[in-house]
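Undergrad: Here you go, this is protein.cif (mmCIF, C-alpha atoms).
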```cif
data_structure
loop_
_atom_site.label_atom_id
_atom_site.label_comp_id
_atom_site.auth_asym_id
_atom_site.auth_seq_id
_atom_site.Cartn_x
_atom_site.Cartn_y
_atom_site.Cartn_z
CA MET A 1 -19.40 -51.59 55.36
CA SER A 2 -21.25 -48.36 56.07
CA ASN A 3 -22.08 -45.89 53.30
CA PHE A 4 -19.12 -43.51 53.38
CA VAL A 5 -20.51 -41.02 50.86
CA LYS A 6 -23.82 -40.73 52.73
CA GLU A 7 -21.91 -40.22 55.98
CA LEU A 8 -19.87 -37.37 54.51
CA THR A 9 -22.87 -35.87 52.73
CA TRP A 10 -24.99 -35.28 55.85
CA ARG A 11 -21.92 -33.84 57.53
CA GLY A 12 -21.53 -31.26 54.75
CA MET A 13 -18.18 -32.71 53.69
CA VAL A 14 -18.78 -33.33 49.98
CA HIS A 15 -18.06 -30.61 47.42
CA ASN A 16 -17.32 -32.54 44.21
CA ILE A 17 -17.60 -36.26 43.60
CA MET A 18 -16.83 -38.24 40.47
CA PRO A 19 -19.69 -40.37 39.12
CA GLY A 20 -19.40 -43.99 40.26
CA THR A 21 -17.53 -43.18 43.49
CA GLU A 22 -20.35 -44.20 45.83
CA GLU A 23 -20.98 -47.39 43.86
CA GLN A 24 -17.29 -48.35 44.08
CA LEU A 25 -17.25 -47.86 47.84
CA GLN A 26 -20.42 -49.89 48.29
CA LYS A 27 -19.12 -52.69 46.06
CA GLU A 28 -15.93 -53.58 47.98
CA GLN A 29 -13.43 -52.48 50.58
CA THR A 30 -11.61 -49.63 48.84
CA SER A 31 -8.25 -48.00 49.51
CA ALA A 32 -8.33 -44.20 49.40
CA TYR A 33 -5.69 -41.58 50.02
CA VAL A 34 -5.21 -37.98 51.05
CA GLY A 35 -2.03 -36.02 50.43
CA ILE A 36 -0.52 -34.09 53.33
CA ASP A 37 1.93 -31.26 52.88
CA PRO A 38 5.03 -31.90 55.07
CA THR A 39 6.29 -28.30 55.19
CA ALA A 40 6.08 -28.25 59.02
CA ASP A 41 6.64 -30.86 61.73
CA SER A 42 3.09 -30.44 62.95
CA LEU A 43 -0.33 -30.56 61.37
CA HIS A 44 -2.68 -27.65 62.03
CA ILE A 45 -6.46 -27.55 62.15
CA GLY A 46 -6.58 -26.73 58.44
CA HIS A 47 -5.51 -30.38 57.92
CA LEU A 48 -8.30 -31.71 60.13
CA VAL A 49 -10.93 -31.93 57.39
CA SER A 50 -8.82 -34.29 55.28
CA ILE A 51 -7.84 -36.28 58.36
CA MET A 52 -11.48 -36.65 59.39
CA MET A 53 -12.29 -37.87 55.87
CA LEU A 54 -9.73 -40.64 56.36
CA ARG A 55 -11.06 -41.39 59.83
CA HIS A 56 -14.64 -41.72 58.57
CA LEU A 57 -13.36 -43.82 55.68
CA GLN A 58 -11.74 -46.27 58.08
CA ALA A 59 -14.80 -46.28 60.36
CA CYS A 60 -16.90 -47.23 57.33
CA GLY A 61 -14.67 -50.28 56.69
CA HIS A 62 -12.32 -48.93 54.00
CA LYS A 63 -8.53 -48.61 54.01
CA PRO A 64 -7.00 -45.14 54.48
CA ILE A 65 -3.65 -44.15 53.00
CA ALA A 66 -1.97 -40.99 54.28
CA LEU A 67 0.51 -39.75 51.69
CA VAL A 68 3.17 -37.40 52.96
CA GLY A 69 4.26 -35.29 50.02
CA GLY A 70 8.01 -35.41 50.43
CA ALA A 71 8.60 -35.04 46.69
CA THR A 72 5.74 -32.67 45.98
CA GLY A 73 6.81 -30.70 49.08
CA MET A 74 10.06 -30.04 47.24
CA ILE A 75 8.10 -28.48 44.38
CA GLY A 76 5.19 -26.48 45.77
CA ASP A 77 1.52 -26.81 44.85
CA PRO A 78 0.28 -23.81 42.84
CA SER A 79 -3.34 -24.31 43.93
CA MET A 80 -4.80 -21.29 45.74
CA LYS A 81 -1.38 -19.62 45.93
CA SER A 82 -0.06 -16.54 44.17
CA THR A 83 3.66 -17.10 44.68
CA GLU A 84 6.09 -20.00 44.68
CA ARG A 85 7.12 -21.27 48.11
CA ASN A 86 10.43 -22.22 49.63
CA LEU A 87 11.63 -25.76 49.00
CA LEU A 88 12.69 -28.15 51.77
CA ASP A 89 15.68 -30.48 52.08
CA GLU A 90 15.31 -34.23 52.62
CA ALA A 91 16.40 -34.26 56.27
CA THR A 92 13.74 -31.69 57.19
CA LEU A 93 11.08 -33.57 55.22
CA ARG A 94 11.91 -36.88 56.98
CA HIS A 95 11.73 -35.22 60.39
CA ASN A 96 8.38 -33.69 59.49
CA GLN A 97 7.08 -37.03 58.19
CA ASN A 98 7.81 -38.80 61.49
CA ALA A 99 6.13 -36.04 63.50
CA ILE A 100 3.07 -36.10 61.22
CA LYS A 101 2.65 -39.88 61.53
CA GLU A 102 2.72 -39.59 65.31
CA GLN A 103 -0.10 -37.04 65.17
CA LEU A 104 -2.12 -39.06 62.65
CA SER A 105 -2.01 -42.06 64.99
CA HIS A 106 -4.43 -40.15 67.26
CA PHE A 107 -7.02 -40.39 64.48
CA LEU A 108 -6.22 -43.54 62.50
CA ASP A 109 -5.45 -47.16 63.34
CA PHE A 110 -2.03 -47.89 61.83
CA ASP A 111 -0.96 -50.76 64.05
CA SER A 112 -3.69 -53.40 64.16
CA ASP A 113 -3.84 -56.45 61.91
CA ALA A 114 -7.25 -55.38 60.55
CA PRO A 115 -7.47 -55.56 56.74
CA ASN A 116 -8.29 -51.84 56.66
CA ALA A 117 -5.43 -50.69 58.92
CA ALA A 118 -4.09 -47.33 57.75
CA ILE A 119 -0.72 -46.95 56.07
CA LEU A 120 1.54 -43.94 55.63
CA VAL A 121 3.63 -43.47 52.50
CA ASN A 122 5.99 -40.77 51.26
CA ASN A 123 6.07 -39.99 47.56
CA TYR A 124 9.76 -39.10 47.83
CA ASP A 125 10.44 -42.83 48.15
CA TRP A 126 9.27 -43.56 44.60
CA MET A 127 10.21 -40.23 43.05
CA LYS A 128 13.79 -39.77 44.29
CA ASP A 129 15.36 -42.17 41.75
CA TYR A 130 12.92 -41.49 38.94
CA THR A 131 14.87 -39.73 36.17
CA PHE A 132 13.46 -36.79 34.27
CA LEU A 133 13.72 -38.65 30.98
CA HIS A 134 11.80 -41.63 32.31
CA PHE A 135 9.17 -39.35 33.81
CA ILE A 136 8.43 -37.40 30.63
CA ARG A 137 8.40 -40.64 28.63
CA ASP A 138 6.23 -42.67 31.02
CA VAL A 139 3.95 -39.94 32.33
CA GLY A 140 4.29 -36.72 30.36
CA LYS A 141 3.24 -38.18 27.01
CA HIS A 142 -0.14 -39.27 28.38
CA ILE A 143 -1.34 -35.81 29.49
CA THR A 144 -1.52 -32.96 26.98
CA VAL A 145 -0.47 -29.39 27.68
CA ASN A 146 -3.98 -28.33 26.62
CA TYR A 147 -5.41 -30.53 29.40
CA MET A 148 -2.99 -29.12 31.98
CA MET A 149 -3.66 -25.52 30.94
CA SER A 150 -7.40 -25.99 31.44
CA LYS A 151 -6.98 -26.39 35.21
CA GLU A 152 -8.14 -23.41 37.28
CA SER A 153 -5.01 -23.42 39.45
CA VAL A 154 -2.89 -23.02 36.31
CA LYS A 155 -5.13 -20.48 34.57
CA LYS A 156 -5.13 -18.15 37.58
CA ARG A 157 -1.35 -18.08 37.71
CA ILE A 158 -0.79 -17.86 33.95
CA THR A 159 -3.12 -14.87 33.60
CA GLY A 160 -1.74 -13.12 36.67
CA ASP A 161 1.21 -10.77 37.07
CA GLU A 162 3.79 -11.78 34.46
CA ARG A 163 6.59 -10.88 36.86
CA GLU A 164 5.32 -13.58 39.20
CA GLY A 165 4.07 -16.05 36.60
CA MET A 166 4.36 -19.76 37.15
CA SER A 167 7.54 -21.75 37.00
CA PHE A 168 7.84 -24.95 34.97
CA THR A 169 8.42 -26.72 38.29
CA GLU A 170 5.01 -25.70 39.57
CA PHE A 171 3.37 -26.32 36.21
CA THR A 172 4.44 -29.97 36.42
CA TYR A 173 3.00 -30.35 39.94
CA GLN A 174 -0.24 -31.89 38.70
CA LEU A 175 1.74 -34.50 36.74
CA VAL A 176 3.73 -35.46 39.83
CA GLN A 177 0.56 -35.69 41.93
CA GLY A 178 -1.10 -37.62 39.10
CA TYR A 179 1.81 -40.07 39.13
CA ASP A 180 1.35 -40.51 42.90
CA TYR A 181 -2.19 -41.68 42.26
CA LEU A 182 -0.99 -43.99 39.48
CA HIS A 183 1.71 -45.45 41.77
CA LEU A 184 -0.79 -46.05 44.59
CA TYR A 185 -3.27 -47.52 42.12
CA ASN A 186 -0.69 -50.02 40.82
CA ASN A 187 1.01 -50.87 44.12
CA TYR A 188 -1.75 -50.54 46.73
CA GLY A 189 -4.93 -50.96 44.69
CA CYS A 190 -5.91 -47.39 45.58
CA LYS A 191 -9.02 -46.29 43.68
CA LEU A 192 -9.99 -43.04 45.39
CA GLN A 193 -8.18 -39.80 46.08
CA MET A 194 -9.70 -37.19 48.40
CA GLY A 195 -8.80 -33.62 49.30
CA GLY A 196 -10.00 -30.05 49.53
CA SER A 197 -12.01 -28.53 46.70
CA ASP A 198 -8.92 -26.64 45.52
CA GLN A 199 -7.36 -30.04 44.73
CA TRP A 200 -10.01 -31.15 42.22
CA GLY A 201 -7.83 -30.29 39.21
CA ASN A 202 -4.80 -32.18 40.53
CA ILE A 203 -6.87 -35.18 41.59
CA THR A 204 -8.67 -35.52 38.26
CA THR A 205 -5.32 -35.38 36.45
CA GLY A 206 -4.50 -38.56 38.38
CA THR A 207 -7.74 -40.27 37.40
CA GLU A 208 -7.12 -39.28 33.78
CA LEU A 209 -3.56 -40.65 33.87
CA ILE A 210 -4.80 -43.97 35.28
CA ARG A 211 -7.47 -44.14 32.58
CA ARG A 212 -5.06 -43.38 29.73
CA LYS A 213 -2.06 -45.39 30.91
CA GLU A 214 -3.71 -48.39 32.58
CA SER A 215 -7.22 -48.31 31.11
CA GLY A 216 -8.21 -48.36 34.77
CA GLU A 217 -11.04 -46.72 36.69
CA ALA A 218 -10.23 -44.40 39.58
CA PHE A 219 -12.34 -41.89 41.47
CA ALA A 220 -12.23 -38.47 43.12
CA LEU A 221 -13.99 -36.80 46.03
CA THR A 222 -13.36 -33.35 47.47
CA CYS A 223 -14.71 -31.51 50.49
CA PRO A 224 -15.54 -27.80 50.69
CA LEU A 225 -12.92 -25.38 51.93
CA ILE A 226 -13.97 -24.56 55.48
CA THR A 227 -14.75 -20.94 56.29
CA LYS A 228 -16.25 -19.15 59.27
CA ALA A 229 -19.85 -17.95 59.25
CA ASP A 230 -18.65 -14.36 58.88
CA GLY A 231 -16.65 -15.31 55.78
CA GLY A 232 -13.28 -15.22 57.55
CA LYS A 233 -10.61 -17.85 57.07
CA PHE A 234 -11.03 -20.89 59.28
CA GLY A 235 -8.18 -21.78 61.62
CA LYS A 236 -6.35 -18.47 61.45
CA THR A 237 -5.96 -16.23 64.50
CA GLU A 238 -3.89 -13.16 65.22
CA GLN A 239 -1.21 -15.53 66.51
CA GLY A 240 -1.28 -17.58 63.28
CA ASN A 241 -2.20 -21.24 62.79
CA ILE A 242 -3.81 -23.39 65.47
CA TRP A 243 -1.39 -26.33 65.57
CA LEU A 244 -2.02 -29.87 66.78
CA ASP A 245 1.40 -30.07 68.44
CA PRO A 246 1.23 -28.70 72.00
CA LYS A 247 4.67 -27.14 71.68
CA TYR A 248 3.25 -24.70 69.09
CA THR A 249 -0.31 -24.28 70.41
CA THR A 250 -1.03 -25.13 74.04
CA PRO A 251 -3.96 -27.48 74.71
CA TYR A 252 -5.57 -24.56 76.58
CA ALA A 253 -5.32 -22.24 73.53
CA PHE A 254 -6.51 -25.11 71.32
CA TYR A 255 -9.53 -25.67 73.58
CA GLN A 256 -10.29 -21.94 73.68
CA PHE A 257 -10.31 -21.73 69.87
CA TRP A 258 -13.19 -24.22 69.64
CA LEU A 259 -14.94 -22.80 72.69
CA ASN A 260 -15.09 -19.35 71.08
CA VAL A 261 -16.63 -20.24 67.70
CA SER A 262 -20.02 -18.76 66.78
CA ASP A 263 -23.30 -20.61 67.34
CA GLU A 264 -23.70 -21.15 63.60
CA ASP A 265 -20.17 -22.49 63.21
CA ALA A 266 -20.42 -24.72 66.30
CA GLU A 267 -23.19 -26.88 64.82
CA ARG A 268 -21.43 -27.12 61.45
CA TYR A 269 -18.05 -27.90 63.00
CA LEU A 270 -19.53 -30.65 65.19
CA LYS A 271 -20.56 -32.42 61.99
CA ILE A 272 -17.16 -31.98 60.35
CA PHE A 273 -14.66 -32.34 63.16
CA THR A 274 -16.19 -34.96 65.46
CA MET A 275 -17.43 -38.54 65.18
CA LEU A 276 -20.71 -37.76 66.97
CA SER A 277 -23.81 -39.19 65.31
CA LYS A 278 -26.43 -37.17 63.44
CA GLU A 279 -28.97 -37.83 66.20
CA VAL A 280 -26.66 -36.61 68.97
CA ILE A 281 -25.67 -33.44 67.09
CA GLU A 282 -29.27 -32.58 66.17
CA ASN A 283 -30.41 -33.18 69.75
CA GLU A 284 -27.61 -31.03 71.20
CA ALA A 285 -28.25 -28.27 68.64
CA SER A 286 -31.94 -28.24 69.56
CA LYS A 287 -31.12 -27.88 73.27
CA HIS A 288 -28.60 -25.16 72.46
CA ARG A 289 -31.19 -23.08 70.60
CA GLU A 290 -33.34 -23.04 73.76
CA ALA A 291 -30.51 -21.61 75.87
CA PRO A 292 -27.73 -20.30 73.58
CA HIS A 293 -26.20 -18.20 76.37
CA LEU A 294 -24.98 -21.41 78.04
CA ARG A 295 -22.85 -22.18 74.95
CA GLU A 296 -23.30 -25.91 75.48
CA LEU A 297 -22.72 -26.62 71.78
CA GLN A 298 -19.34 -24.88 71.88
CA LYS A 299 -18.42 -26.75 75.06
CA LEU A 300 -19.27 -30.07 73.43
CA LEU A 301 -17.28 -29.18 70.30
CA ALA A 302 -14.26 -28.09 72.35
CA LYS A 303 -14.43 -31.27 74.45
CA GLU A 304 -14.68 -33.64 71.47
CA VAL A 305 -11.90 -32.09 69.39
CA THR A 306 -9.51 -31.37 72.28
CA THR A 307 -9.91 -34.91 73.64
CA MET A 308 -9.36 -36.39 70.18
CA VAL A 309 -6.15 -34.40 69.63
CA HIS A 310 -4.69 -34.09 73.14
CA GLY A 311 -6.45 -36.71 75.28
CA ASP A 312 -8.62 -36.57 78.41
CA VAL A 313 -5.92 -35.35 80.78
CA GLU A 314 -5.05 -32.26 78.74
CA TYR A 315 -8.73 -31.56 78.08
CA ASN A 316 -9.46 -31.56 81.80
CA LYS A 317 -6.49 -29.26 82.42
CA ALA A 318 -7.79 -26.87 79.76
CA VAL A 319 -11.24 -26.79 81.39
CA LYS A 320 -9.67 -26.06 84.76
CA ALA A 321 -7.49 -23.35 83.24
CA SER A 322 -10.56 -21.77 81.65
CA SER A 323 -12.23 -21.53 85.04
CA ILE A 324 -9.46 -19.21 86.21
CA LEU A 325 -10.65 -16.40 83.97
CA PHE A 326 -14.23 -17.38 83.28
CA GLY A 327 -15.48 -19.00 86.46
CA GLN A 328 -14.69 -20.04 89.99
CA SER A 329 -11.22 -21.40 90.58
CA THR A 330 -8.78 -21.83 93.43
CA SER A 331 -5.18 -21.01 94.16
CA GLN A 332 -4.41 -24.70 93.77
CA THR A 333 -5.77 -24.69 90.20
CA LEU A 334 -3.51 -21.75 89.41
CA ARG A 335 -0.46 -23.48 90.85
CA GLU A 336 -1.07 -26.55 88.69
CA LEU A 337 -0.60 -24.55 85.48
CA ASP A 338 2.65 -24.81 83.57
CA GLU A 339 4.32 -21.52 82.64
CA ARG A 340 3.25 -21.56 78.96
CA THR A 341 -0.41 -22.11 79.80
CA PHE A 342 -0.28 -19.45 82.53
CA LEU A 343 1.16 -16.89 80.10
CA THR A 344 -1.33 -17.92 77.39
CA ILE A 345 -4.28 -17.37 79.72
CA PHE A 346 -3.01 -13.99 80.85
CA GLU A 347 -1.64 -12.81 77.52
CA GLY A 348 -1.76 -9.01 77.34
CA VAL A 349 -2.18 -8.58 81.10
CA PRO A 350 0.04 -5.73 82.44
CA GLN A 351 3.26 -7.00 84.00
CA TYR A 352 5.48 -5.33 86.60
CA GLU A 353 8.98 -6.52 87.41
CA VAL A 354 9.92 -6.92 91.07
CA THR A 355 12.94 -8.23 92.95
CA LYS A 356 13.07 -10.80 95.74
CA GLU A 357 13.75 -7.96 98.16
CA ASP A 358 10.57 -6.20 97.01
CA LEU A 359 8.57 -9.24 98.03
CA ASN A 360 9.54 -8.96 101.69
CA CYS A 361 6.99 -6.16 102.13
CA ASN A 362 3.29 -5.79 102.83
CA ILE A 363 0.73 -5.87 100.05
CA THR A 364 0.25 -2.08 100.06
CA GLU A 365 3.96 -1.39 99.62
CA VAL A 366 4.35 -3.93 96.83
CA LEU A 367 1.29 -2.92 94.82
CA ALA A 368 1.52 0.86 95.18
CA VAL A 369 5.27 1.54 95.56
CA LYS A 370 7.31 -1.38 94.22
CA SER A 371 4.89 -1.64 91.26
CA SER A 372 2.11 0.52 89.84
CA VAL A 373 -0.85 -1.82 90.24
CA PHE A 374 -2.37 0.95 92.39
CA PRO A 375 -1.65 4.68 91.99
CA SER A 376 -1.43 5.19 95.77
CA LYS A 377 -1.23 3.35 99.08
CA GLY A 378 -4.52 4.89 100.14
CA GLU A 379 -6.39 3.47 97.15
CA CYS A 380 -4.80 0.08 97.69
CA ARG A 381 -5.78 -0.01 101.38
CA LYS A 382 -9.32 1.05 100.52
CA MET A 383 -9.83 -1.71 97.95
CA VAL A 384 -8.19 -4.39 100.12
CA THR A 385 -10.44 -3.42 103.05
CA ALA A 386 -13.46 -3.70 100.76
CA GLY A 387 -12.41 -7.25 99.84
CA GLY A 388 -11.59 -6.41 96.22
CA VAL A 389 -7.98 -7.63 95.94
CA SER A 390 -6.75 -11.19 95.49
CA ILE A 391 -3.28 -12.73 95.25
CA ASN A 392 -3.16 -15.93 93.21
CA LYS A 393 -6.96 -16.23 93.52
CA THR A 394 -6.88 -15.93 97.31
CA LYS A 395 -8.57 -12.84 98.76
CA VAL A 396 -6.30 -10.45 100.70
CA GLU A 397 -7.70 -9.90 104.20
CA SER A 398 -5.54 -7.01 105.40
CA PRO A 399 -3.52 -4.13 103.87
CA GLU A 400 -0.64 -5.24 106.09
CA GLU A 401 -0.59 -8.78 104.72
CA LEU A 402 2.85 -9.79 103.47
CA ILE A 403 3.80 -10.99 100.01
CA SER A 404 6.66 -13.48 99.97
CA SER A 405 8.59 -15.71 97.57
CA GLU A 406 6.24 -18.54 98.60
CA ASP A 407 3.54 -16.80 96.57
CA LEU A 408 5.51 -17.23 93.34
CA LEU A 409 3.93 -19.34 90.59
CA ASN A 410 6.47 -21.31 88.55
CA ASN A 411 9.10 -19.58 90.75
CA LYS A 412 8.55 -16.40 88.74
CA TYR A 413 5.05 -14.89 88.78
CA ILE A 414 2.39 -13.59 91.18
CA LEU A 415 -1.13 -12.95 89.92
CA ILE A 416 -2.89 -9.89 91.29
CA GLN A 417 -6.61 -9.38 90.78
CA LYS A 418 -8.45 -6.07 91.31
CA GLY A 419 -12.20 -6.45 91.37
CA LYS A 420 -13.69 -9.11 89.10
CA LYS A 421 -11.95 -8.55 85.79
CA ASN A 422 -8.70 -6.61 86.23
CA TYR A 423 -5.57 -8.75 86.37
CA TYR A 424 -1.91 -7.83 86.81
CA ILE A 425 1.24 -9.94 86.97
CA LEU A 426 4.24 -9.38 89.17
CA LYS A 427 7.27 -10.93 87.49
CA LEU A 428 10.45 -11.71 89.39
CA LYS A 429 13.52 -10.11 87.78
#
```
Any chance you could put this one into structure tokens?
TA:
Amino acid sequence: MSNFVKELTWRGMVHNIMPGTEEQLQKEQTSAYVGIDPTADSLHIGHLVSIMMLRHLQACGHKPIALVGGATGMIGDPSMKSTERNLLDEATLRHNQNAIKEQLSHFLDFDSDAPNAAILVNNYDWMKDYTFLHFIRDVGKHITVNYMMSKESVKKRITGDEREGMSFTEFTYQLVQGYDYLHLYNNYGCKLQMGGSDQWGNITTGTELIRRKESGEAFALTCPLITKADGGKFGKTEQGNIWLDPKYTTPYAFYQFWLNVSDEDAERYLKIFTMLSKEVIENEASKHREAPHLRELQKLLAKEVTTMVHGDVEYNKAVKASSILFGQSTSQTLRELDERTFLTIFEGVPQYEVTKEDLNCNITEVLAVKSSVFPSKGECRKMVTAGGVSINKTKVESPEELISSEDLLNNKYILIQKGKKNYYILKLK
């Protein structure tokens, strides 16, 4: 077994660690778990840190357990939140669980017969028939209110706006999560829980419950909350979360997110979000510092993460799609794009609606009369003659050249380019 704690440490992925954790992991193959919130049917890149912790754990020879919080998802974790969230029904939670396992299978080996094959569990399965009376007798009596009140996540909410406050439901969250750890300890031999630094209070409640109820020894490890170099929140864009499911975030948009990170973030993210070795990352970072304008570090990061999440085929499509705006590309490349990716690439580009009849005209008529790409026919002719107008990435040779329905992309769009950087879309009504 490799040294898991050392691996995470050089990657900058250790925030808090309970004494004895490294020794436990070096002593024997150890089962460890991370809790995943099932409030959506897709993970987003905010989940990637915890997932990578499990992936490194498995690569180091230990057994990962992914816990989908079906029961805790019905309550709502108060950590780092100022208000209580909406609760989900069982059918929605089950659907989300299945979708999440499918995504996790890109990162973890669930199916082999290796002794450290990953498993996925749902805490709803052991909580759904657990009565309140049994819970407060078996669990509640072991953890004092004083202990629970000392947690930062509780103190922040208790001392906040009294109109908001904290419900009893949320107050008991750490007991439910603590019981999860106890259940996994007793039934799966799990001795380590991992999570973000905001989870330290909940995780240590679990280790305390195991100590008091079973006289057992369990451990905790948390990673830092990931931020951007400028202090902004990681993973958030104007469009919202960057999802792992392509139906919510296209592979092209996913690729672009990583491609556009800062130099400082690129090196840090390579350590956290890829499996590349220390030597490779340091070597690539050194080369990048000699020619930062080439953005080779960002390209490597985008390649590694996009391939890991979406596979080689989608990565290669994303690179080709990027060349449409940021490099040399052909009409064929443009025609290979699906509609969602096309619209993602050209988001915000002015659009003009045209009819099929409008298309049976020359380029000057379509661009200056049927639409307003040009303010006049004269200006359109002048720019076409100078070689400054392209249709679907093919240069227009003559002002009399015809536009037809054969030029339509996805049977709906025609891309017009004026000069190097000005794009317009003709959209069929």
Undergrad: Evaluated on this file, the PyMOL selection byres ((chain A and resi 365) around 12) picks out some residues - which ones are they, written as an NGL selection string?
TA: :A and (354 or 357-364 or 366-381 or 399-403)
Undergrad: Could you jot down the atom CA of A:Phe168 to atom CA of A:Leu182 separation for me, Å, one decimal place?
TA: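 Result for atom CA of A:Phe168 versus atom CA of A:Leu182: 21.5 Å, one decimal.
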Undergrad: Applying the PyMOL selection byres ((chain A and resi 409) around 10) to the file I just gave you, which residues come out? Please list them as a PyMOL selection string.
TA: chain A and resi 331+334-339+342+392+405-408+410-415+427
Undergrad: Mind dumping the selected residues with C-alpha atoms as a JSON list (two decimals), in the frame of the given file?
TA:
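In the end it all went to selection11.json:
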```json
[["chain", "number", "residue", "atom", "x", "y", "z"],
["A", 331, "SER", "CA", -5.18, -21.01, 94.16],
["A", 334, "LEU", "CA", -3.51, -21.75, 89.41],
["A", 335, "ARG", "CA", -0.46, -23.48, 90.85],
["A", 336, "GLU", "CA", -1.07, -26.55, 88.69],
["A", 337, "LEU", "CA", -0.60, -24.55, 85.48],
["A", 338, "ASP", "CA", 2.65, -24.81, 83.57],
["A", 339, "GLU", "CA", 4.32, -21.52, 82.64],
["A", 342, "PHE", "CA", -0.28, -19.45, 82.53],
["A", 392, "ASN", "CA", -3.16, -15.93, 93.21],
["A", 405, "SER", "CA", 8.59, -15.71, 97.57],
["A", 406, "GLU", "CA", 6.24, -18.54, 98.60],
["A", 407, "ASP", "CA", 3.54, -16.80, 96.57],
["A", 408, "LEU", "CA", 5.51, -17.23, 93.34],
["A", 410, "ASN", "CA", 6.47, -21.31, 88.55],
["A", 411, "ASN", "CA", 9.10, -19.58, 90.75],
["A", 412, "LYS", "CA", 8.55, -16.40, 88.74],
["A", 413, "TYR", "CA", 5.05, -14.89, 88.78],
["A", 414, "ILE", "CA", 2.39, -13.59, 91.18],
["A", 415, "LEU", "CA", -1.13, -12.95, 89.92],
["A", 427, "LYS", "CA", 7.27, -10.93, 87.49]]
```
Undergrad: Evaluate the PyMOL selection byres ((chain A and resi 189) around 12) and record the selected residues as a PyMOL selection string, following the chain and residue labels used in the document.
TA: chain A and resi 28-33+63-65+181-188+190-193+210+216-218
Undergrad: For the atom pair atom CA of A:Lys287 and atom CA of A:Asp263, what is the interatomic distance in Å to one decimal place?
TA: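 Spanning atom CA of A:Lys287 to atom CA of A:Asp263 is a straight-line distance of 12.2 Å.
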Undergrad: Could you tell me how far atom CA of A:Thr204 lies from atom CA of A:Asp129, in Å and to one decimal?
TA: 25.2 Å
Undergrad: Applying 10 Å and only C-alpha atoms, which residues near A:Ile143 remain after dropping the ones on its own chain fewer than 2 positions away? List them as a ChimeraX atom specification.
TA: /A:136,139-141,145-148,175,178,205-206,208-209,212-213
Undergrad: Of the candidates A:His310, A:His15, A:Arg211, A:Arg157, which shows the shortest atom-to-atom distance to A:Glu170, using all atoms listed in the file?
TA: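 The closest residue to A:Glu170 is A:Arg157.
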Undergrad: Using all atoms listed in the file, what residues lie at most 9 Å away from (-1.0, -11.2, 88.3) (file coordinates), given as a list in words?
TA: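 It turns out the residues near that spot are Phe346, Val349, Pro350, Gln351, Tyr352, Ile391, Asn392, Tyr413, Ile414, Leu415, Ile416, Gln417, Tyr423, Tyr424, Ile425, Leu426 and Lys427 of chain A.
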